[in-house]
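Structure, as structure tokens:
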Amino acid sequence: MSSQRVSGRANPISFLEVSETEAGQQVQEISNQTSISDFLLLGFSAHPEQQPLLFGLFLGMYLVSVLGNLLIIMAIVSDQHLHTPMYFFLANLSFIDTCFTCTIVPKVLANILTQRHAIIYTGCLVQMYFFMVLALLDDFLLAVMAYDRYVAICLPLHYTTIMCPQRCLLLVAASWLCSHLLASSLTLLMSQFSFCASRAIPHFFCDLLPLLKLACSDTQIFQVMMFAEAALSGVVPLTCVLLSYAHIIHTILRVPSAGGKHKVFSTCGSHLSVVTLFYGTLFLVYFQPSSSYSADTGMVASVVYTMVTPMLNPFIYSLRNRDMKRALWKLLVWGRCSIP
């Protein structure tokens, strides 16, 4: 110790021991708040000094996301020119993104504000179920929107016949049905598991893989089923997206003028940006075995697709779209003029 004082250098091992002790005390304090049937959403609790910053950041993203998506829905509903298949699907996507954000973020904000990180067992399963339903809906709807762009660009003369209102409703209804069936099967299997004494989830919401790591039961059947559903709900829609854009690019390359190519591609550029952001983060988290799951990587990616992507979608779809900007402007002017 005397040599350390003379040199003025601190032992890095002692700092590590202190930080580990503080983290252990933090978890112990949180665990005292829970009953035996509760889970602990530790999430960002290991860094209490960052809590005010995270609260402000997440609250801002939540408000922008909800307000932006609701404005998109209201603009589409109020403008007759936007009553087309493309904007019908966009309104559904905005509604799903709003629900998606509301399923996750309010609980995160409440945990940060109250420092009570407990969630009851039933509440955890319900949150996981709705998270899966809405994530799957996003997945299916992005594939449907890609197919809509394919028909509009590659088969323009048959567009009104193929994308009739009945078929649009059928595609959205099928997406809802498949999402509920796939999510309910995994949730029912998860409800049969017994969990170990430690119920601390190193995440900010009840996600599949963190919960799976806490299970004491045999999870082999669950993992096989999870990967089978991931292939069905991830690879199949993504293949549909890729095939649609392969045909779209082939059609664009046949357009003689550069201006014509830009005009055709601009109708699907926004959708392609959202697809890249959504699938990139989703594959990073879920297309890996539970044994190699990293909590830190999972949390960062989860922040992107639960908060950042729903917040950015209204900007991506409106800033480069003249019809949407005009409808939003009319909505805002009408709202301002209607105030006495």
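Please note that chains go A, B, ... in the order of the structure tokens, that every chain numbers its residues from 1, and that ligands are numbered from 1 in the order shown.
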
Members of stretch 74-271 of chain A assigned strand (DSSP E) by DSSP, as a VMD selection string: chain A and resid 118 to 120 200 to 201

Stretch 102-114 of chain A surroundings by only C-alpha atoms, 9 Å radius, close-in-sequence under 4 positions cut, as a ChimeraX atom specification: /A:41,43-45,48,51-52,54-55,58-59,62,66,97-98,118,127,130-131,204-206,306-307

Those same residues - C-alpha atoms - I'd like them written as a PDB file, in the first residue's frame.
ATOM      1  CA  LEU A  41     -35.714  -6.030 -15.385  1.00  0.00           C
ATOM      2  CA  GLY A  43     -31.635  -3.280 -17.960  1.00  0.00           C
ATOM      3  CA  PHE A  44     -29.834  -0.007 -17.312  1.00  0.00           C
ATOM      4  CA  SER A  45     -29.775  -0.280 -13.491  1.00  0.00           C
ATOM      5  CA  PRO A  48     -27.386   4.761 -11.916  1.00  0.00           C
ATOM      6  CA  GLN A  51     -30.414   7.175 -15.411  1.00  0.00           C
ATOM      7  CA  PRO A  52     -31.507  10.856 -15.760  1.00  0.00           C
ATOM      8  CA  LEU A  54     -31.493   7.798 -20.348  1.00  0.00           C
ATOM      9  CA  PHE A  55     -34.888   8.846 -18.990  1.00  0.00           C
ATOM     10  CA  PHE A  58     -36.136   7.588 -24.013  1.00  0.00           C
ATOM     11  CA  LEU A  59     -38.988   9.948 -23.109  1.00  0.00           C
ATOM     12  CA  TYR A  62     -41.211   7.924 -27.140  1.00  0.00           C
ATOM     13  CA  VAL A  66     -46.086   8.339 -30.868  1.00  0.00           C
ATOM     14  CA  ASP A  97     -45.168   1.086 -34.501  1.00  0.00           C
ATOM     15  CA  THR A  98     -47.228   3.151 -32.050  1.00  0.00           C
ATOM     16  CA  ALA A 118     -39.905  -5.686 -10.695  1.00  0.00           C
ATOM     17  CA  GLN A 127     -45.344  -8.075 -22.543  1.00  0.00           C
ATOM     18  CA  PHE A 130     -47.416  -8.444 -27.502  1.00  0.00           C
ATOM     19  CA  PHE A 131     -43.789  -7.645 -28.307  1.00  0.00           C
ATOM     20  CA  PHE A 204     -35.076  -3.555 -20.157  1.00  0.00           C
ATOM     21  CA  PHE A 205     -38.094  -5.648 -21.206  1.00  0.00           C
ATOM     22  CA  CYS A 206     -39.193  -9.311 -21.232  1.00  0.00           C
ATOM     23  CA  THR A 306     -38.073  -0.727 -30.212  1.00  0.00           C
ATOM     24  CA  MET A 307     -37.422   3.033 -29.997  1.00  0.00           C
TER      25      MET A 307
END

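Of the residues under consideration (A:Leu125, A:Ile72, A:Ala231, A:Leu90), A:Leu90 shows the shortest atom-to-atom contact distance to A:Leu142 when counting only C-alpha atoms.
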
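Comparing the minimum interatomic distances between A:Thr101 and each of A:Gln115, A:Thr122, A:Ser65, A:Gln223, counting only C-alpha atoms, we find that A:Ser65 sits nearest.
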
For stretch 251-253 of chain A, list every protein, DNA or RNA residue within 9 Å, evaluated using only C-alpha atoms, and leave out those in the same chain fewer than 4 positions away; present the list as a compact mmCIF listing (two decimals) with N, CA and C atoms, in the first residue's frame.
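Dumped everything to selection-v8.txt:
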# COMPACT_ATOMS: atom_id res chain seq x y z
N ILE A 153 -44.65 -0.96 -59.79
CA ILE A 153 -43.58 -0.59 -60.71
C ILE A 153 -43.45 -1.57 -61.87
N CYS A 154 -43.58 -2.85 -61.57
CA CYS A 154 -43.35 -3.87 -62.60
C CYS A 154 -44.62 -4.25 -63.36
N ALA A 246 -35.48 -7.20 -56.45
CA ALA A 246 -34.72 -7.67 -57.61
C ALA A 246 -35.47 -7.37 -58.90
N HIS A 247 -36.79 -7.63 -58.90
CA HIS A 247 -37.61 -7.31 -60.07
C HIS A 247 -37.71 -5.79 -60.28
N GLY A 260 -36.04 9.45 -65.12
CA GLY A 260 -37.08 8.44 -64.97
C GLY A 260 -36.70 7.38 -63.96
N LYS A 261 -35.42 6.97 -63.99
CA LYS A 261 -34.94 5.97 -63.02
C LYS A 261 -35.06 6.50 -61.60
N HIS A 262 -34.65 7.76 -61.41
CA HIS A 262 -34.71 8.36 -60.07
C HIS A 262 -36.15 8.48 -59.59
N VAL A 264 -38.75 6.61 -60.44
CA VAL A 264 -39.29 5.28 -60.13
C VAL A 264 -38.73 4.78 -58.80
N PHE A 265 -37.41 4.93 -58.62
CA PHE A 265 -36.78 4.40 -57.41
C PHE A 265 -37.17 5.19 -56.17

Selection near A:Ser191, 12 Å with only C-alpha atoms, sequence-local residues under 5 positions removed, as a ChimeraX atom specification: /A:121-126,128-129,184-186,208,211-212,215,217,219,222

Take the selection from the previous step and output its residues with all heavy atoms, as a CSV table (one decimal), in the first residue's frame.
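In the end it all went to out.csv:
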chain,number,residue,atom,x,y,z
A,121,TYR,N,-44.8,-12.1,-13.0
A,121,TYR,CA,-44.6,-13.2,-14.0
A,121,TYR,C,-45.6,-13.1,-15.1
A,121,TYR,O,-45.2,-13.2,-16.3
A,121,TYR,CB,-44.8,-14.6,-13.3
A,121,TYR,CG,-44.7,-15.8,-14.1
A,121,TYR,CD1,-43.6,-16.2,-14.7
A,121,TYR,CD2,-45.9,-16.5,-14.4
A,121,TYR,CE1,-43.5,-17.3,-15.5
A,121,TYR,CE2,-45.9,-17.6,-15.2
A,121,TYR,CZ,-44.7,-18.0,-15.8
A,121,TYR,OH,-44.7,-19.1,-16.6
A,122,THR,N,-46.9,-12.9,-14.8
A,122,THR,CA,-47.9,-12.8,-15.8
A,122,THR,C,-47.7,-11.6,-16.7
A,122,THR,O,-47.8,-11.7,-17.9
A,122,THR,CB,-49.3,-12.7,-15.2
A,122,THR,OG1,-49.5,-13.9,-14.3
A,122,THR,CG2,-50.4,-12.8,-16.3
A,123,GLY,N,-47.3,-10.5,-16.1
A,123,GLY,CA,-47.1,-9.3,-16.9
A,123,GLY,C,-45.9,-9.4,-17.8
A,123,GLY,O,-45.9,-8.9,-18.9
A,124,CYS,N,-44.9,-10.2,-17.4
A,124,CYS,CA,-43.7,-10.4,-18.2
A,124,CYS,C,-44.1,-11.2,-19.4
A,124,CYS,O,-43.7,-10.9,-20.6
A,124,CYS,CB,-42.7,-11.2,-17.4
A,124,CYS,SG,-41.1,-11.3,-18.2
A,125,LEU,N,-44.9,-12.3,-19.3
A,125,LEU,CA,-45.4,-13.1,-20.4
A,125,LEU,C,-46.3,-12.3,-21.3
A,125,LEU,O,-46.2,-12.4,-22.6
A,125,LEU,CB,-46.1,-14.3,-19.9
A,125,LEU,CG,-45.3,-15.4,-19.2
A,125,LEU,CD1,-46.2,-16.6,-18.8
A,125,LEU,CD2,-44.2,-15.9,-20.2
A,126,VAL,N,-47.1,-11.5,-20.8
A,126,VAL,CA,-48.0,-10.6,-21.6
A,126,VAL,C,-47.2,-9.6,-22.4
A,126,VAL,O,-47.4,-9.5,-23.6
A,126,VAL,CB,-49.0,-9.9,-20.7
A,126,VAL,CG1,-49.8,-8.8,-21.5
A,126,VAL,CG2,-50.1,-10.9,-20.1
A,128,MET,N,-44.1,-10.0,-23.3
A,128,MET,CA,-43.3,-10.8,-24.3
A,128,MET,C,-44.2,-11.1,-25.5
A,128,MET,O,-43.8,-11.1,-26.7
A,128,MET,CB,-42.8,-12.0,-23.7
A,128,MET,CG,-41.9,-12.8,-24.6
A,128,MET,SD,-41.4,-14.4,-23.9
A,128,MET,CE,-42.9,-15.3,-24.1
A,129,TYR,N,-45.5,-11.5,-25.2
A,129,TYR,CA,-46.4,-11.9,-26.2
A,129,TYR,C,-46.7,-10.7,-27.2
A,129,TYR,O,-46.6,-10.9,-28.4
A,129,TYR,CB,-47.7,-12.4,-25.6
A,129,TYR,CG,-48.9,-12.6,-26.6
A,129,TYR,CD1,-48.9,-13.7,-27.4
A,129,TYR,CD2,-49.9,-11.7,-26.7
A,129,TYR,CE1,-49.9,-14.0,-28.3
A,129,TYR,CE2,-50.9,-11.9,-27.6
A,129,TYR,CZ,-50.9,-13.1,-28.4
A,129,TYR,OH,-51.9,-13.3,-29.3
A,184,SER,N,-48.4,-16.8,-29.9
A,184,SER,CA,-49.1,-17.5,-28.9
A,184,SER,C,-48.5,-18.9,-28.6
A,184,SER,O,-48.4,-19.4,-27.5
A,184,SER,CB,-50.6,-17.7,-29.2
A,184,SER,OG,-50.7,-18.4,-30.4
A,185,SER,N,-48.0,-19.5,-29.7
A,185,SER,CA,-47.4,-20.9,-29.5
A,185,SER,C,-46.1,-20.8,-28.7
A,185,SER,O,-45.9,-21.6,-27.8
A,185,SER,CB,-47.1,-21.5,-30.9
A,185,SER,OG,-46.1,-20.7,-31.6
A,186,LEU,N,-45.3,-19.8,-28.9
A,186,LEU,CA,-44.0,-19.6,-28.1
A,186,LEU,C,-44.4,-19.2,-26.7
A,186,LEU,O,-43.7,-19.6,-25.8
A,186,LEU,CB,-43.1,-18.6,-28.8
A,186,LEU,CG,-42.4,-19.1,-30.1
A,186,LEU,CD1,-41.5,-17.9,-30.6
A,186,LEU,CD2,-41.6,-20.3,-29.8
A,208,LEU,N,-37.4,-12.8,-25.5
A,208,LEU,CA,-37.3,-14.2,-25.5
A,208,LEU,C,-36.0,-14.8,-25.0
A,208,LEU,O,-36.0,-15.6,-24.1
A,208,LEU,CB,-37.5,-14.7,-27.0
A,208,LEU,CG,-38.9,-15.0,-27.4
A,208,LEU,CD1,-38.9,-15.4,-28.9
A,208,LEU,CD2,-39.4,-16.2,-26.7
A,211,LEU,N,-35.1,-14.4,-21.2
A,211,LEU,CA,-35.9,-15.2,-20.4
A,211,LEU,C,-35.5,-16.7,-20.5
A,211,LEU,O,-35.5,-17.5,-19.6
A,211,LEU,CB,-37.4,-15.1,-20.8
A,211,LEU,CG,-38.2,-14.0,-20.1
A,211,LEU,CD1,-39.6,-13.9,-20.7
A,211,LEU,CD2,-38.4,-14.3,-18.6
A,212,LEU,N,-35.1,-17.1,-21.7
A,212,LEU,CA,-34.8,-18.5,-22.0
A,212,LEU,C,-33.5,-18.8,-21.2
A,212,LEU,O,-33.4,-20.0,-20.8
A,212,LEU,CB,-34.5,-18.6,-23.5
A,212,LEU,CG,-34.6,-20.0,-24.1
A,212,LEU,CD1,-36.0,-20.6,-23.9
A,212,LEU,CD2,-34.3,-20.0,-25.6
A,215,ALA,N,-34.4,-20.1,-17.7
A,215,ALA,CA,-35.2,-21.3,-17.5
A,215,ALA,C,-34.3,-22.5,-17.0
A,215,ALA,O,-33.2,-22.7,-17.5
A,215,ALA,CB,-35.8,-21.7,-18.8
A,217,SER,N,-35.8,-25.6,-17.0
A,217,SER,CA,-36.3,-26.7,-17.7
A,217,SER,C,-35.5,-26.9,-19.0
A,217,SER,O,-34.7,-26.1,-19.4
A,217,SER,CB,-37.8,-26.4,-18.1
A,217,SER,OG,-38.5,-26.1,-17.0
A,219,THR,N,-34.9,-26.7,-22.7
A,219,THR,CA,-35.4,-25.7,-23.7
A,219,THR,C,-35.1,-26.1,-25.1
A,219,THR,O,-35.3,-25.3,-26.0
A,219,THR,CB,-34.8,-24.3,-23.4
A,219,THR,OG1,-33.4,-24.4,-23.5
A,219,THR,CG2,-35.1,-23.8,-22.0
A,222,PHE,N,-38.1,-25.9,-27.4
A,222,PHE,CA,-38.5,-24.5,-27.6
A,222,PHE,C,-37.5,-23.8,-28.6
A,222,PHE,O,-38.0,-23.0,-29.4
A,222,PHE,CB,-38.4,-23.8,-26.2
A,222,PHE,CG,-38.8,-22.3,-26.3
A,222,PHE,CD1,-40.1,-21.9,-26.0
A,222,PHE,CD2,-37.9,-21.3,-26.6
A,222,PHE,CE1,-40.5,-20.6,-26.1
A,222,PHE,CE2,-38.3,-20.0,-26.6
A,222,PHE,CZ,-39.6,-19.6,-26.4

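Distances here use only C-alpha atoms; by that measure, the residue among A:Ser194, A:Gln80, A:Asn321, A:Gln166 closest to A:Thr267 is A:Asn321.
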
Point-to-point distance from atom CA of A:Leu141 to atom CA of A:Val255, Å rounded to tenths: 28.1 Å

All residues 12 Å or closer to stretch 224-228 of chain A, only C-alpha atoms, same chain fewer than 2 positions away omitted, as an MDAnalysis selection string: chainID A and resid 132 182:187 189:190 208:209 212 218:222 230:236 283 286:290

Same residues, C-alpha atoms, output as a PDB file, in the first residue's frame:
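Listed below is the output, out-v9.pdb:
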ATOM      1  CA  MET A 132     -43.595 -10.755 -30.520  1.00  0.00           C
ATOM      2  CA  LEU A 182     -46.784 -17.718 -33.973  1.00  0.00           C
ATOM      3  CA  ALA A 183     -46.503 -15.553 -30.832  1.00  0.00           C
ATOM      4  CA  SER A 184     -49.105 -17.516 -28.865  1.00  0.00           C
ATOM      5  CA  SER A 185     -47.372 -20.865 -29.516  1.00  0.00           C
ATOM      6  CA  LEU A 186     -44.044 -19.613 -28.126  1.00  0.00           C
ATOM      7  CA  THR A 187     -45.710 -17.865 -25.196  1.00  0.00           C
ATOM      8  CA  LEU A 189     -44.387 -23.049 -24.330  1.00  0.00           C
ATOM      9  CA  MET A 190     -42.569 -20.428 -22.255  1.00  0.00           C
ATOM     10  CA  LEU A 208     -37.322 -14.220 -25.518  1.00  0.00           C
ATOM     11  CA  LEU A 209     -33.599 -14.957 -25.245  1.00  0.00           C
ATOM     12  CA  LEU A 212     -34.757 -18.455 -22.002  1.00  0.00           C
ATOM     13  CA  ASP A 218     -35.119 -28.354 -20.939  1.00  0.00           C
ATOM     14  CA  THR A 219     -35.415 -25.692 -23.654  1.00  0.00           C
ATOM     15  CA  GLN A 220     -34.267 -27.749 -26.643  1.00  0.00           C
ATOM     16  CA  ILE A 221     -37.778 -28.170 -28.117  1.00  0.00           C
ATOM     17  CA  PHE A 222     -38.457 -24.472 -27.562  1.00  0.00           C
ATOM     18  CA  ALA A 230     -37.782 -17.400 -37.145  1.00  0.00           C
ATOM     19  CA  ALA A 231     -37.214 -19.059 -40.518  1.00  0.00           C
ATOM     20  CA  LEU A 232     -40.915 -18.860 -41.339  1.00  0.00           C
ATOM     21  CA  SER A 233     -41.496 -15.308 -40.120  1.00  0.00           C
ATOM     22  CA  GLY A 234     -38.076 -13.871 -40.949  1.00  0.00           C
ATOM     23  CA  VAL A 235     -36.558 -15.615 -43.938  1.00  0.00           C
ATOM     24  CA  VAL A 236     -39.792 -15.997 -45.938  1.00  0.00           C
ATOM     25  CA  PHE A 283     -31.042 -10.622 -37.341  1.00  0.00           C
ATOM     26  CA  TYR A 286     -32.430 -13.377 -32.827  1.00  0.00           C
ATOM     27  CA  PHE A 287     -30.551 -15.420 -35.422  1.00  0.00           C
ATOM     28  CA  GLN A 288     -28.097 -16.865 -32.927  1.00  0.00           C
ATOM     29  CA  PRO A 289     -28.221 -19.678 -30.336  1.00  0.00           C
ATOM     30  CA  SER A 290     -29.205 -18.629 -26.811  1.00  0.00           C
TER      31      SER A 290
END

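For the atom pair formed by atom CA of A:Ala143 and atom CA of A:Leu238, the distance is 6.8 Å, given to one decimal.
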
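As for atom CA of A:Leu42 and atom CA of A:Ala200, they are spaced 6.5 Å apart.
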
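Between A:Met299 and the residues A:Pro202, A:Gly68, A:Gly280, A:Pro85, the shortest atom-to-atom distance, using only C-alpha atoms, involves A:Pro202.
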
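Those residues that approach stretch 316-318 of chain A to within 10 Å, counting only C-alpha atoms, are Gly68, Ile72, Leu90, Thr267, Cys268, Gly269, Ser270, His271, Ser273, Val274, Thr309, Met311, Asp323, Met324, Lys325, Arg326, Ala327 and Leu328 of chain A; same-chain residues fewer than 5 positions away are not listed.
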
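Using only C-alpha atoms, the shortest contact distance between A:Val144 and any of A:Lys213, A:His203, A:His47, A:Arg167 is found at A:Arg167.
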
DSSP alpha helix (DSSP H) residues within stretch 76-282 of chain A, listed as JSON, numbers by chain: {"A": [76, 77, 78, 85, 86, 87, 88, 89, 90, 91, 92, 93, 94, 95, 96, 97, 98, 99, 100, 101, 102, 103, 104, 105, 106, 107, 108, 109, 110, 111, 112, 113, 114, 121, 122, 123, 124, 125, 126, 127, 128, 129, 130, 131, 132, 133, 134, 135, 136, 137, 138, 139, 140, 141, 142, 143, 144, 145, 146, 147, 148, 149, 150, 151, 152, 153, 154, 159, 160, 161, 162, 165, 166, 167, 168, 169, 170, 171, 172, 173, 174, 175, 176, 177, 178, 179, 180, 181, 182, 183, 184, 185, 186, 187, 188, 189, 190, 191, 208, 209, 210, 211, 212, 213, 214, 220, 221, 222, 223, 224, 225, 226, 227, 228, 229, 230, 236, 237, 238, 239, 240, 241, 242, 243, 244, 245, 246, 247, 248, 249, 250, 251, 252, 253, 258, 259, 260, 261, 262, 263, 264, 265, 266, 267, 268, 269, 270, 271, 272, 273, 274, 275, 276, 277, 278, 279, 280, 281, 282]}

Counting only C-alpha atoms, what is within 12 Å of A:Leu177, bar same-chain residues fewer than 4 positions away, as a compact mmCIF listing (two decimals) with N, CA and C atoms, in the first residue's frame?
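The file below, selection.txt, is the result:
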# COMPACT_ATOMS: atom_id res chain seq x y z
N VAL A 133 -45.91 -10.32 -31.18
CA VAL A 133 -46.99 -10.07 -32.15
C VAL A 133 -46.68 -8.85 -33.00
N LEU A 134 -46.29 -7.77 -32.36
CA LEU A 134 -46.07 -6.51 -33.09
C LEU A 134 -44.78 -6.55 -33.93
N LEU A 136 -43.57 -9.31 -35.31
CA LEU A 136 -43.93 -10.15 -36.45
C LEU A 136 -44.81 -9.38 -37.44
N LEU A 137 -45.71 -8.57 -36.92
CA LEU A 137 -46.55 -7.75 -37.80
C LEU A 137 -45.71 -6.79 -38.63
N PHE A 140 -44.09 -8.92 -41.40
CA PHE A 140 -44.99 -9.31 -42.48
C PHE A 140 -45.44 -8.09 -43.31
N LEU A 170 -57.25 -8.47 -46.98
CA LEU A 170 -56.89 -9.87 -46.76
C LEU A 170 -55.42 -10.01 -46.38
N LEU A 171 -54.53 -9.26 -47.02
CA LEU A 171 -53.11 -9.33 -46.71
C LEU A 171 -52.82 -8.85 -45.28
N VAL A 172 -53.48 -7.76 -44.88
CA VAL A 172 -53.28 -7.24 -43.52
C VAL A 172 -53.88 -8.20 -42.49
N ALA A 173 -55.08 -8.74 -42.77
CA ALA A 173 -55.72 -9.68 -41.85
C ALA A 173 -54.89 -10.95 -41.70
N LEU A 181 -50.78 -16.30 -34.07
CA LEU A 181 -50.59 -17.75 -33.96
C LEU A 181 -49.14 -18.08 -33.59
N LEU A 182 -48.19 -17.45 -34.25
CA LEU A 182 -46.78 -17.72 -33.97
C LEU A 182 -46.39 -17.26 -32.57
N ALA A 183 -46.86 -16.08 -32.16
CA ALA A 183 -46.50 -15.55 -30.83
C ALA A 183 -47.16 -16.36 -29.71
N SER A 184 -48.40 -16.77 -29.92
CA SER A 184 -49.10 -17.52 -28.87
C SER A 184 -48.48 -18.89 -28.63

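Nearest to A:Asn92 of all the residues A:Tyr279, A:Phe193, A:Trp176, A:Tyr150 is A:Trp176, based on only C-alpha atoms.
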